[in-house]
Structures are given as structure tokens and as C-alpha cells.
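Dropping model17.txt in here (compact mmCIF, C-alpha atoms):
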```
# COMPACT_ATOMS: atom_id res chain seq x y z
CA MET O 1 54.87 131.84 -108.97
CA LEU O 2 55.01 128.12 -109.52
CA VAL O 3 51.54 126.55 -109.34
CA LEU O 4 51.21 122.82 -108.66
CA GLY O 5 48.05 120.73 -108.36
CA ARG O 6 48.22 118.10 -105.59
CA ARG O 7 45.77 115.59 -104.12
CA SER O 8 45.42 114.48 -100.55
CA GLY O 9 48.41 112.30 -99.60
CA GLU O 10 50.69 113.80 -102.24
CA ASN O 11 53.76 115.86 -101.43
CA ILE O 12 55.89 118.72 -102.64
CA ARG O 13 59.63 118.88 -102.16
CA ILE O 14 61.42 122.21 -101.85
CA GLY O 15 65.15 121.65 -102.18
CA ASP O 16 66.68 118.68 -100.39
CA ASP O 17 65.23 119.14 -96.97
CA ILE O 18 61.77 120.71 -97.09
CA LYS O 19 58.71 118.57 -97.66
CA VAL O 20 55.11 119.80 -97.78
CA ILE O 21 52.53 117.07 -97.34
CA VAL O 22 48.87 117.49 -98.27
CA LEU O 23 47.19 115.69 -95.38
CA GLU O 24 43.56 116.49 -95.97
CA VAL O 25 41.39 118.53 -98.29
CA ARG O 26 37.87 119.18 -97.08
CA GLY O 27 35.48 121.94 -98.08
CA GLY O 28 37.41 125.17 -98.37
CA GLN O 29 40.16 123.98 -96.06
CA ILE O 30 43.40 122.18 -96.61
CA LYS O 31 45.55 120.58 -93.93
CA LEU O 32 49.28 120.60 -94.63
CA GLY O 33 52.16 118.87 -92.93
CA ILE O 34 55.54 120.57 -93.23
CA GLU O 35 58.90 118.95 -92.63
CA ALA O 36 61.72 121.45 -92.59
CA PRO O 37 65.12 121.87 -90.92
CA LEU O 38 65.27 123.56 -87.53
CA ASP O 39 66.64 126.82 -88.85
CA VAL O 40 63.69 127.27 -91.21
CA GLN O 41 60.90 128.84 -89.21
CA VAL O 42 57.41 127.93 -90.36
CA HIS O 43 54.48 130.11 -89.32
CA ARG O 44 50.97 130.94 -90.47
CA GLU O 45 51.47 134.11 -92.44
CA GLU O 46 49.04 136.31 -90.49
CA ILE O 47 50.64 135.33 -87.18
CA TYR O 48 54.11 135.88 -88.54
CA GLU O 49 53.08 139.35 -89.74
CA ARG O 50 51.46 140.22 -86.42
CA ILE O 51 54.59 139.22 -84.52
CA GLN O 52 56.84 141.03 -86.98
CA ARG O 53 54.76 144.20 -86.56
CA GLN O 54 54.82 143.87 -82.78
CA ASN O 55 58.60 143.32 -82.79
CA ARG O 56 59.01 146.46 -84.85
CA ARG O 57 56.86 148.38 -82.37
CA ALA O 58 58.89 147.00 -79.47
CA ALA O 59 62.10 148.14 -81.14
CA GLY O 60 60.58 151.62 -81.48
CA THR O 61 59.85 152.02 -77.77
CA THR O 62 61.47 155.18 -76.51
CA PRO O 63 63.42 155.29 -73.24
CA ASP O 64 61.01 157.99 -72.00
CA ASP O 65 57.94 155.80 -72.58
CA LEU O 66 59.69 152.90 -70.92
CA ARG O 67 60.76 154.95 -67.92
CA GLU O 68 57.11 155.85 -67.32
CA ALA O 69 55.97 152.23 -67.80
CA ALA O 70 58.70 151.08 -65.41
CA ARG O 71 57.57 153.59 -62.81
CA VAL O 72 53.99 152.30 -63.07
CA LEU O 73 55.13 148.67 -62.73
CA ARG O 74 57.24 149.44 -59.69
CA ARG O 75 54.37 151.34 -58.11
CA ASN O 76 52.12 148.35 -58.69
CA GLY O 77 54.55 146.16 -56.82
CA ARG O 78 55.34 143.94 -59.81
CA LEU O 79 58.99 143.99 -58.88
CA GLN O 80 59.39 140.88 -56.74
CA GLY O 81 61.44 137.97 -58.05
CA MET M 1 82.24 146.07 -74.50
CA ARG M 2 80.50 149.22 -75.65
CA ILE M 3 77.32 149.10 -77.75
CA GLN M 4 76.15 152.14 -79.68
CA THR M 5 72.40 152.70 -79.63
CA ARG M 6 70.39 155.51 -81.13
CA THR M 7 68.03 156.07 -78.21
CA LEU M 8 70.18 155.08 -75.22
CA GLY M 9 73.54 156.30 -76.43
CA ALA M 10 76.60 154.18 -75.67
CA VAL M 11 75.84 151.27 -73.35
CA GLU M 12 78.45 149.18 -71.56
CA ALA M 13 77.79 145.43 -71.82
CA THR M 14 79.73 142.69 -70.07
CA PRO M 15 80.27 139.26 -71.70
CA GLU M 16 77.82 137.65 -69.23
CA SER M 17 75.06 139.70 -70.84
CA PHE M 18 75.78 138.51 -74.38
CA VAL M 19 73.06 136.48 -76.08
CA THR M 20 73.14 134.81 -79.48
CA PHE M 21 69.96 134.23 -81.46
CA PRO M 22 71.02 131.61 -84.05
CA ASP M 23 67.90 132.39 -86.12
CA GLY M 24 67.45 136.06 -85.24
CA LEU M 25 64.03 137.33 -84.17
CA VAL M 26 60.86 137.41 -86.27
CA GLY M 27 61.39 140.11 -88.89
CA TYR M 28 65.01 140.49 -87.75
CA GLU M 29 66.39 137.19 -89.00
CA ASN M 30 69.85 138.58 -89.70
CA GLU M 31 70.38 140.06 -86.24
CA ARG M 32 72.13 137.36 -84.23
CA GLU M 33 74.30 139.03 -81.61
CA PHE M 34 72.74 140.92 -78.73
CA ALA M 35 73.39 141.97 -75.16
CA LEU M 36 70.69 141.84 -72.49
CA VAL M 37 71.42 144.77 -70.23
CA ALA M 38 69.79 146.25 -67.14
CA SER M 39 69.23 149.96 -66.68
CA ALA M 40 68.41 151.36 -63.25
CA ASP M 41 66.08 153.90 -64.83
CA HIS M 42 64.02 151.23 -66.51
CA ALA M 43 63.97 148.35 -64.00
CA PRO M 44 62.32 145.82 -64.06
CA PHE M 45 62.73 146.06 -67.84
CA ARG M 46 65.92 145.07 -69.55
CA TRP M 47 67.10 146.13 -72.96
CA LEU M 48 67.99 143.63 -75.64
CA LEU M 49 70.50 145.55 -77.73
CA SER M 50 71.81 144.60 -81.15
CA PHE M 51 75.56 144.71 -81.51
CA THR M 52 75.36 145.71 -85.14
CA ASP M 53 72.30 147.94 -85.57
CA PRO M 54 72.04 150.97 -83.25
CA ASP M 55 68.32 151.26 -84.08
CA ILE M 56 67.45 147.88 -82.58
CA ALA M 57 66.74 147.99 -78.85
CA PHE M 58 63.95 145.77 -77.55
CA PRO M 59 62.54 146.27 -74.05
CA LEU M 60 61.99 142.93 -72.30
CA LEU M 61 60.20 141.89 -69.14
CA PRO M 62 60.75 138.65 -67.22
CA ALA M 63 57.70 136.49 -67.98
CA HIS M 64 56.70 136.00 -64.35
CA LEU M 65 56.08 139.72 -63.98
CA VAL M 66 53.64 139.70 -66.88
CA ALA M 67 51.32 136.80 -66.10
CA ASP M 68 51.47 134.40 -63.17
CA GLU M 69 49.89 131.48 -64.98
CA TYR M 70 52.09 131.82 -68.05
CA ARG M 71 54.12 128.68 -68.73
CA PRO M 72 54.96 128.52 -72.43
CA ALA M 73 55.68 124.99 -73.58
CA LEU M 74 59.09 124.62 -75.19
CA GLY M 75 59.04 122.13 -78.05
CA ALA M 76 61.92 119.73 -78.62
CA SER M 77 63.05 121.58 -81.75
CA ASP M 78 62.96 124.97 -79.99
CA ALA M 79 64.98 123.50 -77.13
CA ARG M 80 67.51 122.00 -79.54
CA ALA M 81 67.89 125.35 -81.28
CA ILE M 82 69.20 126.85 -78.02
CA GLY M 83 71.34 123.85 -77.13
CA ALA M 84 68.99 122.53 -74.47
CA VAL M 85 66.58 119.70 -73.87
CA ALA M 86 62.96 120.50 -73.01
CA SER M 87 63.50 119.82 -69.29
CA ASP M 88 66.51 122.18 -68.95
CA PRO M 89 65.95 125.37 -66.98
CA THR M 90 65.42 128.33 -69.30
CA GLU M 91 64.73 132.01 -68.82
CA VAL M 92 61.59 133.36 -70.47
CA TRP M 93 61.54 137.01 -71.52
CA ILE M 94 58.68 138.94 -73.08
CA LEU M 95 58.96 141.73 -75.64
CA ALA M 96 57.17 144.83 -74.40
CA THR M 97 55.81 147.89 -76.13
CA VAL M 98 54.12 151.07 -75.05
CA ASP M 99 51.19 151.64 -77.39
CA ALA M 100 49.79 154.94 -78.65
CA GLU M 101 47.48 155.20 -75.61
CA GLY M 102 50.40 154.75 -73.25
CA ARG M 103 49.45 151.20 -72.32
CA LEU M 104 52.19 148.70 -71.66
CA THR M 105 51.66 145.58 -73.76
CA ALA M 106 53.53 142.30 -73.82
CA ASN M 107 53.89 139.82 -76.65
CA LEU M 108 52.94 136.57 -74.94
CA ARG M 109 52.48 134.78 -78.27
CA ALA M 110 56.16 134.95 -79.15
CA PRO M 111 58.30 134.85 -75.99
CA ILE M 112 62.08 134.81 -75.97
CA VAL M 113 63.49 131.68 -74.43
CA LEU M 114 67.09 131.88 -73.26
CA ASN M 115 69.31 129.01 -72.24
CA PRO M 116 71.46 130.57 -69.50
CA ALA M 117 74.07 127.82 -69.85
CA SER M 118 74.75 128.31 -73.56
CA ARG M 119 73.57 131.96 -73.82
CA LEU M 120 71.61 130.91 -76.90
CA ALA M 121 68.09 132.27 -77.32
CA ARG M 122 65.17 131.98 -79.66
CA GLN M 123 61.91 133.81 -80.21
CA VAL M 124 59.42 130.98 -79.95
CA VAL M 125 56.08 131.32 -81.73
CA LEU M 126 53.47 129.55 -79.61
CA SER M 127 50.65 127.72 -81.33
CA ASP M 128 48.39 128.36 -78.31
CA GLY M 129 46.01 131.08 -79.52
CA ARG M 130 45.12 132.08 -75.92
CA TRP M 131 48.25 134.22 -75.81
CA THR M 132 48.15 137.46 -77.77
CA VAL M 133 50.91 139.61 -79.23
CA ASP M 134 49.60 142.65 -77.35
CA HIS M 135 48.52 141.53 -73.90
CA VAL M 136 47.89 144.65 -71.82
CA VAL M 137 50.09 144.56 -68.72
CA GLY M 138 49.15 147.81 -67.11
CA SER M 139 47.84 151.25 -67.81
CA LYS M 140 47.57 154.44 -65.83
CA THR M 141 43.97 153.55 -64.94
CA GLU M 142 45.03 150.14 -63.66
CA SER M 143 47.82 151.58 -61.57
CA ALA M 144 45.37 154.01 -59.95
CA ALA M 145 43.13 151.03 -59.10
CA GLY M 146 46.18 149.21 -57.69
CA GLU M 147 46.96 152.13 -55.40
CA ARG M 148 43.41 152.29 -54.13
CA THR M 149 43.56 148.56 -53.29
CA ARG M 150 46.80 148.98 -51.38
CA GLN M 151 45.45 151.94 -49.45
CA ALA M 152 42.35 149.95 -48.53
CA ALA M 153 44.54 147.05 -47.34
```

Can you give me the file's structure in the form of C-alpha cells?
Amino acid sequence: MLVLGRRSGENIRIGDDIKVIVLEVRGGQIKLGIEAPLDVQVHREEIYERIQRQNRRAAGTTPDDLREAARVLRRNGRLQG
Amino acid sequence: MRIQTRTLGAVEATPESFVTFPDGLVGYENEREFALVASADHAPFRWLLSFTDPDIAFPLLPAHLVADEYRPALGASDARAIGAVASDPTEVWILATVDAEGRLTANLRAPIVLNPASRLARQVVLSDGRWTVDHVVGSKTESAAGERTRQAA
């Protein structure tokens, strides 16, 4: 891992088109600005992991489970629209 | 066109159902080509099926069935990624799961936004922490309560 020391207002460049800006350092918290191309998705790691896990669960849903869930939804009248 | 899936077998998909995710989905960045197909058995769900990986079949719900007050804001860069501007009409779909307790949950934090004109879609990660990845849509207990209400009315 590359380790760089930066002060507030200083930047890091990753390749030609990603820029990480140290906006503020206060107490134990650091505020970063990130400029990156559209196709580079930037997320907080814990949120990214939660969504990844949930996507994996969604992909593992069995047709049987879904048939039952669909039956419950239809019974509850959530079918309009 | 026929799509092979592990759990649903061979599924017929028409070109109108094709959807391209230019950036994939979270954790599935290399999966770009999908079909969004209906199945009478599973309505109102639809299946988002990968063309290339028979193990990838995501159940989706239209957002309005999940939460009435749910209006995810589409940022300019998200809109651009699906060939739209923020004011263009888009379809919002929610990834659903059935958890170990049999509860139906919906990932409201990361909805799928589809531009029906371009058939491009993106899984948008909302910064609004009000929306969770496992919002409980309904459970057997809830449906029993729903039936009681209807009988009373």
C-alpha cells in the first residue's frame, strides 16, 4: 500500500482523471472531495459492502420463495399500477 | 431470444425487455446485458436475468409498490450514465430478497433506474441514509393484519 501524508487543501492524483482533495481535517475525521469519471463509482466502503451483500442475496432468491412473496403481495392488494 | 437460468430454466426474452447496465450492478460490475422479464407465477415481481451468467437472476419490484413516498433523486451524473437528463421520465425498480425468516425485503438504498427510451439502466446508490438496503415490505404477519382490515372494511 502506498502511504501519503497530506494536509488540508492538498490533493492526490490517481491516474489522469481521478483527484482526491483533502477538504478538512478535524478531530478524528477527515472530509474528502473526489473527482472521478462517471464510470468510476465512488461509495463509502461499508455502504458498498452492504449493497453488494444485499445484491448477492437478491440473486440467490429462489423461485419458490418469490412465488410465496408474490402471493402475499397480491393478497395485500399491492398490485395496482 | 432464449436465456438460460439455473433456477428458472430457459426463459424467452423479447428485445423490448433488454436492458444494458453500462457499469454493471454493485458487486456485479462485469455483468452488462440483462433482460427484464415478467412471469405470471411471480407477478408483480419481474426477473432481471443476466444474458451471460445463468446464476444471476434478480427479483425486482416497481418502486411504487414498495413505498408510496419513495422518490429517489437522480443526480445529473446518474442521469447522464443512462443517456437521460434529470427531468426525463425514468422507471425505478427495487431489488427484492426473501430473508431467512421469510420476510420480503427491498433495497431502497440502491434502486435501479431505467431509461425506457435508451434501455440503459444503473444501480444508483442514494446518499440519503433514511433508505435501507433491507426495508421490510411484507411478512406473513403483516398480510394477516391486512386481511383483517379488509374484512372489517

Report as a ChimeraX atom specification the set of chain O residues whose atoms approach chain M to within 10 Å, with distances computed over all atoms listed in the file.
/O:37-44,47-81

Given 4 Å on each side, where is the centre and what are the edge lengths in Å to one decimal of the axis-aligned box enclosing the listed atoms of stretch 21-35 of chain M, as JSON?
```
{"center_x": 67.6, "center_y": 136.8, "center_z": -82.4, "size_x": 21.4, "size_y": 18.4, "size_z": 22.5}
```

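Candidate residues M:Ser50, M:Gln4, M:Thr14, M:Thr20 were compared for distance to M:Pro116, and the nearest is M:Thr20, using only C-alpha atoms.
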
Calculated over all atoms listed in the file, which of the candidates M:Ile94, M:Ala100, M:Ala79, M:Leu74 has the smallest distance to M:Arg46?
M:Ile94

Using all atoms listed in the file, which residues sit within 12 Å of O:Leu4 once same-chain residues fewer than 5 positions away are excluded, as an NGL selection string?
:O and (10-13 or 20 or 22)

Would you mind exporting the chosen residues as a JSON list (two decimals), keeping the file's coordinate frame, restricted to C-alpha atoms?
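Written file, selection26.json:
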```
[["chain", "number", "residue", "atom", "x", "y", "z"],
["O", 10, "GLU", "CA", 50.69, 113.80, -102.24],
["O", 11, "ASN", "CA", 53.76, 115.86, -101.43],
["O", 12, "ILE", "CA", 55.89, 118.72, -102.64],
["O", 13, "ARG", "CA", 59.63, 118.88, -102.16],
["O", 20, "VAL", "CA", 55.11, 119.80, -97.78],
["O", 22, "VAL", "CA", 48.87, 117.49, -98.27]]
```

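With all atoms listed in the file as the basis for measurement, M:Leu120 is the residue among M:Leu120, M:Ile112, M:Ala67, M:Val136 that approaches M:Val19 most closely.
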
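For the set M:Ala63, M:Tyr70, M:Pro54, M:Phe34, the residue with the smallest atom-to-atom gap to M:Trp93 is M:Ala63, counting only C-alpha atoms.
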
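Between atom CA of O:Ile18 and atom CA of O:Ala36 the interatomic distance comes to 4.6 Å.
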